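A.B. asks: What follows is the file input.txt, containing compact mmCIF, C-alpha atoms and all ligand atoms:
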# COMPACT_ATOMS: atom_id res chain seq x y z
CA MET A 1 16.44 22.63 -20.58
CA ALA A 2 18.37 20.00 -18.58
CA TYR A 3 16.34 18.40 -15.81
CA ARG A 4 17.80 16.47 -12.87
CA ASN A 5 15.13 13.79 -12.48
CA LYS A 6 14.43 11.04 -15.00
CA LEU A 7 11.16 10.13 -16.69
CA ALA A 8 10.68 6.53 -17.84
CA PRO A 9 7.34 6.19 -19.69
CA SER A 10 5.91 2.65 -19.54
CA VAL A 11 4.76 1.48 -22.99
CA LEU A 12 2.35 -1.04 -21.43
CA ASN A 13 -0.54 1.29 -22.25
CA ALA A 14 0.92 2.66 -25.48
CA ASP A 15 -0.63 1.89 -28.86
CA LEU A 16 1.74 -0.98 -29.72
CA SER A 17 0.41 -1.06 -33.29
CA ARG A 18 2.20 2.32 -33.63
CA LEU A 19 5.19 1.51 -31.47
CA ARG A 20 7.82 3.47 -33.40
CA GLU A 21 5.59 6.56 -33.48
CA GLU A 22 4.82 6.34 -29.74
CA LEU A 23 8.51 5.97 -28.91
CA GLY A 24 9.33 8.94 -31.12
CA ALA A 25 6.72 11.02 -29.30
CA ILE A 26 8.05 10.35 -25.78
CA SER A 27 11.57 10.97 -27.01
CA GLN A 28 10.51 14.29 -28.55
CA GLY A 29 8.78 15.13 -25.26
CA GLY A 30 12.06 14.68 -23.38
CA ALA A 31 11.68 11.19 -21.86
CA ASP A 32 14.94 9.77 -20.49
CA TRP A 33 14.30 6.00 -20.60
CA VAL A 34 11.71 3.56 -21.94
CA HIS A 35 10.13 1.43 -19.17
CA LEU A 36 9.26 -2.09 -20.36
CA ASP A 37 6.88 -4.10 -18.17
CA ILE A 38 7.77 -7.75 -18.62
CA MET A 39 5.05 -9.96 -17.10
CA ASP A 40 4.85 -13.79 -17.11
CA GLY A 41 1.23 -14.35 -16.03
CA HIS A 42 2.57 -16.12 -12.93
CA PHE A 43 4.36 -13.62 -10.72
CA VAL A 44 1.61 -11.16 -11.71
CA PRO A 45 -1.85 -11.95 -13.17
CA ASN A 46 -1.01 -10.56 -16.62
CA LEU A 47 1.12 -11.65 -19.58
CA THR A 48 2.83 -9.01 -21.71
CA PHE A 49 6.01 -9.27 -23.76
CA GLY A 50 9.48 -10.85 -23.76
CA PRO A 51 12.97 -10.47 -25.26
CA VAL A 52 11.80 -10.33 -28.91
CA PHE A 53 9.70 -7.29 -28.08
CA VAL A 54 12.65 -5.70 -26.28
CA GLU A 55 14.70 -6.22 -29.47
CA ALA A 56 11.99 -4.45 -31.51
CA VAL A 57 11.98 -1.52 -29.08
CA LYS A 58 15.79 -1.43 -29.23
CA ARG A 59 15.58 -1.06 -33.02
CA SER A 60 12.98 1.70 -32.69
CA THR A 61 14.55 4.11 -30.17
CA ALA A 62 17.90 5.40 -28.95
CA LEU A 63 16.56 5.76 -25.40
CA PRO A 64 17.95 3.40 -22.72
CA LEU A 65 15.66 0.41 -22.03
CA ASP A 66 14.60 0.02 -18.40
CA CYS A 67 13.26 -3.55 -18.09
CA HIS A 68 10.97 -4.25 -15.13
CA LEU A 69 10.92 -8.04 -14.76
CA MET A 70 7.67 -9.07 -13.09
CA ILE A 71 8.48 -12.73 -13.60
CA SER A 72 8.86 -15.67 -11.19
CA ASP A 73 12.19 -16.97 -12.46
CA PRO A 74 14.26 -13.95 -13.53
CA ALA A 75 17.55 -15.91 -13.36
CA ALA A 76 16.42 -17.97 -16.36
CA TYR A 77 15.99 -14.90 -18.60
CA LEU A 78 18.60 -12.32 -17.56
CA GLU A 79 20.93 -13.14 -20.44
CA ASP A 80 18.09 -13.07 -23.01
CA PHE A 81 16.97 -9.60 -21.93
CA CYS A 82 20.52 -8.31 -21.79
CA ARG A 83 21.23 -9.66 -25.28
CA ALA A 84 17.93 -8.16 -26.50
CA GLY A 85 19.23 -4.71 -25.57
CA ALA A 86 18.21 -3.98 -21.98
CA THR A 87 20.19 -1.15 -20.37
CA SER A 88 18.85 -1.84 -16.90
CA LEU A 89 17.29 -5.00 -15.42
CA THR A 90 15.04 -4.72 -12.38
CA VAL A 91 14.07 -7.91 -10.55
CA HIS A 92 11.52 -8.26 -7.77
CA GLN A 93 12.77 -8.96 -4.26
CA GLU A 94 9.71 -11.21 -3.91
CA ALA A 95 10.59 -13.38 -6.94
CA GLY A 96 12.98 -16.24 -6.22
CA VAL A 97 15.12 -16.56 -3.12
CA HIS A 98 18.66 -15.86 -4.30
CA LEU A 99 18.61 -12.07 -4.66
CA ASP A 100 22.35 -11.63 -4.03
CA SER A 101 23.30 -14.02 -6.84
CA LEU A 102 20.70 -12.42 -9.16
CA VAL A 103 22.25 -9.01 -8.54
CA ARG A 104 25.76 -10.36 -9.19
CA LYS A 105 24.62 -12.02 -12.42
CA ILE A 106 23.04 -8.78 -13.75
CA ARG A 107 26.24 -6.90 -12.86
CA GLU A 108 28.36 -9.52 -14.68
CA LEU A 109 26.16 -9.13 -17.77
CA GLY A 110 26.99 -5.42 -17.79
CA CYS A 111 23.45 -4.12 -17.17
CA ARG A 112 22.41 -1.58 -14.54
CA VAL A 113 20.93 -3.36 -11.52
CA GLY A 114 17.51 -2.60 -10.06
CA VAL A 115 15.51 -4.32 -7.35
CA SER A 116 11.77 -3.75 -6.99
CA LEU A 117 9.56 -3.99 -3.89
CA ASN A 118 5.81 -4.54 -4.01
CA PRO A 119 3.85 -1.99 -1.95
CA ALA A 120 3.66 -4.00 1.29
CA THR A 121 7.20 -5.41 1.18
CA PRO A 122 9.37 -3.78 3.88
CA LEU A 123 12.44 -1.72 2.89
CA GLU A 124 14.48 -3.74 5.41
CA THR A 125 14.47 -6.72 3.02
CA LEU A 126 17.04 -4.76 0.97
CA ASP A 127 19.34 -3.84 3.87
CA TRP A 128 22.22 -6.11 2.86
CA ILE A 129 21.93 -5.67 -0.91
CA LEU A 130 21.43 -1.89 -1.07
CA PRO A 131 25.15 -1.04 -1.49
CA GLU A 132 25.37 -3.47 -4.44
CA ILE A 133 22.57 -2.04 -6.59
CA ASP A 134 22.01 1.06 -8.75
CA MET A 135 18.29 1.51 -8.26
CA VAL A 136 15.34 0.56 -6.06
CA LEU A 137 11.96 0.47 -7.78
CA LEU A 138 9.18 1.12 -5.26
CA MET A 139 5.83 -0.06 -6.61
CA SER A 140 3.06 2.42 -5.88
CA VAL A 141 0.43 0.01 -7.23
CA ASN A 142 0.11 -3.77 -6.99
CA PRO A 143 1.92 -4.91 -10.12
CA GLY A 144 0.20 -6.35 -13.17
CA PHE A 145 -1.71 -3.53 -14.83
CA GLY A 146 -1.45 0.10 -15.87
CA GLY A 147 -4.11 2.67 -15.02
CA GLN A 148 -4.37 1.87 -11.30
CA LYS A 149 -4.60 4.34 -8.40
CA PHE A 150 -1.45 5.49 -6.57
CA ILE A 151 -1.15 3.91 -3.09
CA PRO A 152 -0.68 6.87 -0.71
CA TYR A 153 1.56 5.20 1.91
CA THR A 154 4.23 4.89 -0.81
CA LEU A 155 5.22 8.52 -0.10
CA GLU A 156 6.35 7.58 3.41
CA LYS A 157 8.24 4.57 2.03
CA ILE A 158 10.07 6.76 -0.53
CA ALA A 159 11.10 9.26 2.16
CA ALA A 160 12.35 6.48 4.45
CA LEU A 161 14.41 4.93 1.66
CA ARG A 162 15.86 8.32 0.68
CA ARG A 163 16.87 8.88 4.34
CA THR A 164 18.59 5.49 4.44
CA ALA A 165 20.42 6.16 1.16
CA GLU A 166 21.67 9.50 2.51
CA GLU A 167 22.68 8.06 5.90
CA LYS A 168 24.69 5.35 4.14
CA SER A 169 25.97 7.78 1.45
CA LEU A 170 24.64 5.51 -1.29
CA LYS A 171 24.35 6.83 -4.86
CA LEU A 172 20.95 5.22 -5.40
CA ASN A 173 18.21 5.94 -7.91
CA ILE A 174 14.76 5.68 -6.32
CA GLN A 175 12.28 4.83 -9.05
CA VAL A 176 8.51 4.87 -8.38
CA ASP A 177 6.03 3.10 -10.59
CA GLY A 178 2.27 3.08 -10.78
CA GLY A 179 -0.56 5.59 -10.76
CA ILE A 180 1.66 8.63 -11.32
CA GLY A 181 0.52 11.61 -13.41
CA PRO A 182 0.73 15.43 -13.55
CA ASP A 183 -1.42 15.78 -10.42
CA ASN A 184 0.78 13.75 -8.02
CA VAL A 185 4.27 13.60 -9.58
CA LYS A 186 5.56 16.58 -7.59
CA ALA A 187 4.64 14.90 -4.29
CA VAL A 188 6.51 11.76 -5.40
CA ILE A 189 9.62 13.78 -6.32
CA ASP A 190 9.41 15.84 -3.11
CA ALA A 191 9.27 12.59 -1.08
CA GLY A 192 12.66 11.65 -2.55
CA ALA A 193 12.14 9.80 -5.85
CA ASP A 194 14.40 10.71 -8.79
CA VAL A 195 13.10 8.34 -11.49
CA ILE A 196 9.41 8.34 -12.39
CA VAL A 197 7.54 5.67 -14.32
CA CYS A 198 4.39 6.94 -15.99
CA GLY A 199 2.25 4.86 -18.33
CA SER A 200 -1.42 5.60 -18.82
CA ALA A 201 -1.18 9.28 -17.83
CA ILE A 202 1.03 9.75 -20.91
CA PHE A 203 -0.25 7.23 -23.44
CA THR A 204 -3.98 7.63 -22.89
CA ASN A 205 -3.61 11.36 -23.49
CA PRO A 206 -4.11 12.35 -27.16
CA ASP A 207 -1.03 14.57 -27.05
CA VAL A 208 1.81 12.26 -25.94
CA ILE A 209 4.55 14.81 -26.68
CA ALA A 210 2.94 17.60 -24.67
CA THR A 211 2.09 15.32 -21.73
CA THR A 212 5.64 13.95 -21.64
CA ARG A 213 7.00 17.49 -21.73
CA ARG A 214 4.59 18.54 -18.96
CA MET A 215 5.70 15.63 -16.75
CA LYS A 216 9.36 16.59 -17.25
CA GLU A 217 8.64 20.21 -16.33
CA LEU A 218 6.74 19.19 -13.19
CA MET A 219 9.52 16.78 -12.15
CA GLY A 220 12.32 19.35 -12.35
C1 LIG B 301 2.44 -2.14 -13.34
C2 LIG B 301 3.67 -1.67 -14.10
C3 LIG B 301 3.71 -0.18 -14.24
C4 LIG B 301 2.50 0.38 -14.98
C5 LIG B 301 2.53 1.88 -14.88
O1 LIG B 301 2.63 -3.48 -12.97
O2 LIG B 301 4.85 -2.05 -13.43
O3 LIG B 301 4.92 0.22 -14.92
O4 LIG B 301 2.56 -0.02 -16.32
O5 LIG B 301 1.38 2.31 -15.52
P1 LIG B 301 0.51 3.51 -14.92
O6 LIG B 301 1.43 4.71 -14.97
O7 LIG B 301 -0.63 3.59 -15.89
O8 LIG B 301 0.12 3.13 -13.53
ZN ZN B 302 6.71 -1.20 -14.29
Once you've parsed the file, please lay out its structure as structure tokens.
C.D. replies:
Amino acid sequence: MAYRNKLAPSVLNADLSRLREELGAISQGGADWVHLDIMDGHFVPNLTFGPVFVEAVKRSTALPLDCHLMISDPAAYLEDFCRAGATSLTVHQEAGVHLDSLVRKIRELGCRVGVSLNPATPLETLDWILPEIDMVLLMSVNPGFGGQKFIPYTLEKIAALRRTAEEKSLKLNIQVDGGIGPDNVKAVIDAGADVIVCGSAIFTNPDVIATTRRMKELMG
């Protein structure tokens, strides 16, 4: 069955010693993208993986790679991640000061362009760049770790951003990331999100295929 909304499982909490198997399972379950949480131990208090890991994922799945760059100096690594096989590059509004030039650089590299906001960062910070980007990633947890609790005020933020996108007739993906599972995904979609990141709710469940399928059904 074709669903409208997109599911991007985050492999941060997957069993990386069985990466190919885990990627096969989410693909079989109907996942649309693979969400890769790139962390530098500086912008966020955790250190994960870089371009070489993205290359390994690229060799292990046909799904588009949705790279979430939680790093302080994204400009220094855009080309590396693009060359490694990223389909989409999402940078944080809070990292670095030259967001407009970052967005232009990602566009020039031929990747889809995403900008992420931490929970407390106002939507207004994106006012001037919104028409230039493909996706806004609204963090529903404070970035750095999987398995955290969904921050409830995010629902209001999603709805406000969806209203703005409609008022300005912008074709914008609204991606939400952090603390999402079968019990709250419908509320996130109903608020106006159309791309869902889900990590631990999928990969800590013994049946990854069934949980992925369940998430897709609930998302519609
Ligand atoms: C957190 C990451 C999220 C996280 C999602 O900094 O950006 O993608 O891995 O994991 P869950 O779904 O477990 O909150
Ligand atoms: Zn993420």
A.B. asks: When distances are computed from only C-alpha atoms, which of A:Leu12, A:Ala25, A:Ile174, A:Met70 shows the smallest separation from A:Pro143?
C.D. replies: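 For A:Pro143, the nearest of the given residues is A:Met70.
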A.B. asks: Tell me which of A:Lys58, A:His92, A:Lys216, A:Arg107 sits closest to A:Pro74, counting only C-alpha atoms.
C.D. replies: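 Closest residue, counting only C-alpha atoms: A:His92.
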A.B. asks: Determine, counting all atoms listed in the file, every residue of protein, DNA or RNA that lies within 7 Å of (22.6, 4.3, -7.0) in the file coordinates, then give the result as a list of chain:residue names.
C.D. replies: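 Residues with an atom close enough to that point: A:Ile133, A:Asp134, A:Met135, A:Leu170, A:Lys171, A:Leu172, A:Asn173.
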A.B. asks: Considering all atoms listed in the file, state which residue in the set A:Val57, A:Leu130, A:Met219, A:Ile202 is at the smallest distance from ligand LIG 301 (chain B).
C.D. replies: A:Ile202
A.B. asks: Could you produce a table of the residues of chain A lying within 7 Å of ligand LIG 301 (chain B), with the nearest pair of atoms per residue and their separation in Å rounded to one decimal, using all atoms listed in the file, ordered by chain and increasing residue number, as a tab-separated table?
C.D. replies:
residue	atom	partner	partner_atom	distance
A:Ser10	CA	B:LIG301	O3	5.3
A:Leu12	CA	B:LIG301	O4	5.2
A:Asn13	CA	B:LIG301	O7	6.8
A:His35	CA	B:LIG301	O3	6.8
A:Asp37	CA	B:LIG301	O2	5.5
A:His68	CA	B:LIG301	O2	6.7
A:Val141	CA	B:LIG301	C1	6.8
A:Asn142	CA	B:LIG301	O1	6.5
A:Pro143	CA	B:LIG301	O1	3.3
A:Gly144	CA	B:LIG301	O1	3.8
A:Phe145	CA	B:LIG301	C1	4.6
A:Gly146	CA	B:LIG301	O7	3.6
A:Gly147	CA	B:LIG301	O7	3.7
A:Gln148	CA	B:LIG301	O8	5.2
A:Asp177	CA	B:LIG301	O3	5.3
A:Gly178	CA	B:LIG301	O8	3.5
A:Gly179	CA	B:LIG301	O8	3.8
A:Ile180	CA	B:LIG301	O6	5.4
A:Val197	CA	B:LIG301	O3	6.1
A:Cys198	CA	B:LIG301	O6	3.8
A:Gly199	CA	B:LIG301	O6	3.5
A:Ser200	CA	B:LIG301	O7	3.6
A:Ala201	CA	B:LIG301	O6	6.0
A.B. asks: Measuring atom to atom with all atoms listed in the file, identify which of A:Ala2, A:Leu102, A:Leu36, A:Ile71 is nearest to ligand ZN 302 (chain B).
C.D. replies: A:Leu36
A.B. asks: Report the distance between atom CA of A:Arg20 and atom CA of A:Ser60 in Å, rounded to one decimal place.
C.D. replies: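 Here the two named atoms are 5.5 Å from each other.
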A.B. asks: Report as a ChimeraX atom specification all protein, DNA and RNA residues lying within 12 Å of A:Val115, evaluated on all atoms listed in the file, omitting residues in the same chain fewer than 6 positions from it.
C.D. replies: /A:66-70,74,88-95,99-100,102-103,106,121,123,125-127,129-139,172-176
A.B. asks: Neighbouring residues of A:Arg4 were defined as those with any atom within 12 Å, considering all atoms listed in the file; residues of the same chain fewer than 4 positions away were excluded. Please report them as a list of chain:residue names.
C.D. replies: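 Listed by chain and then number, they are A:Asp32, A:Asn173, A:Ile189, A:Ala193, A:Asp194, A:Val195, A:Ile196, A:Lys216, A:Glu217, A:Leu218, A:Met219, A:Gly220.
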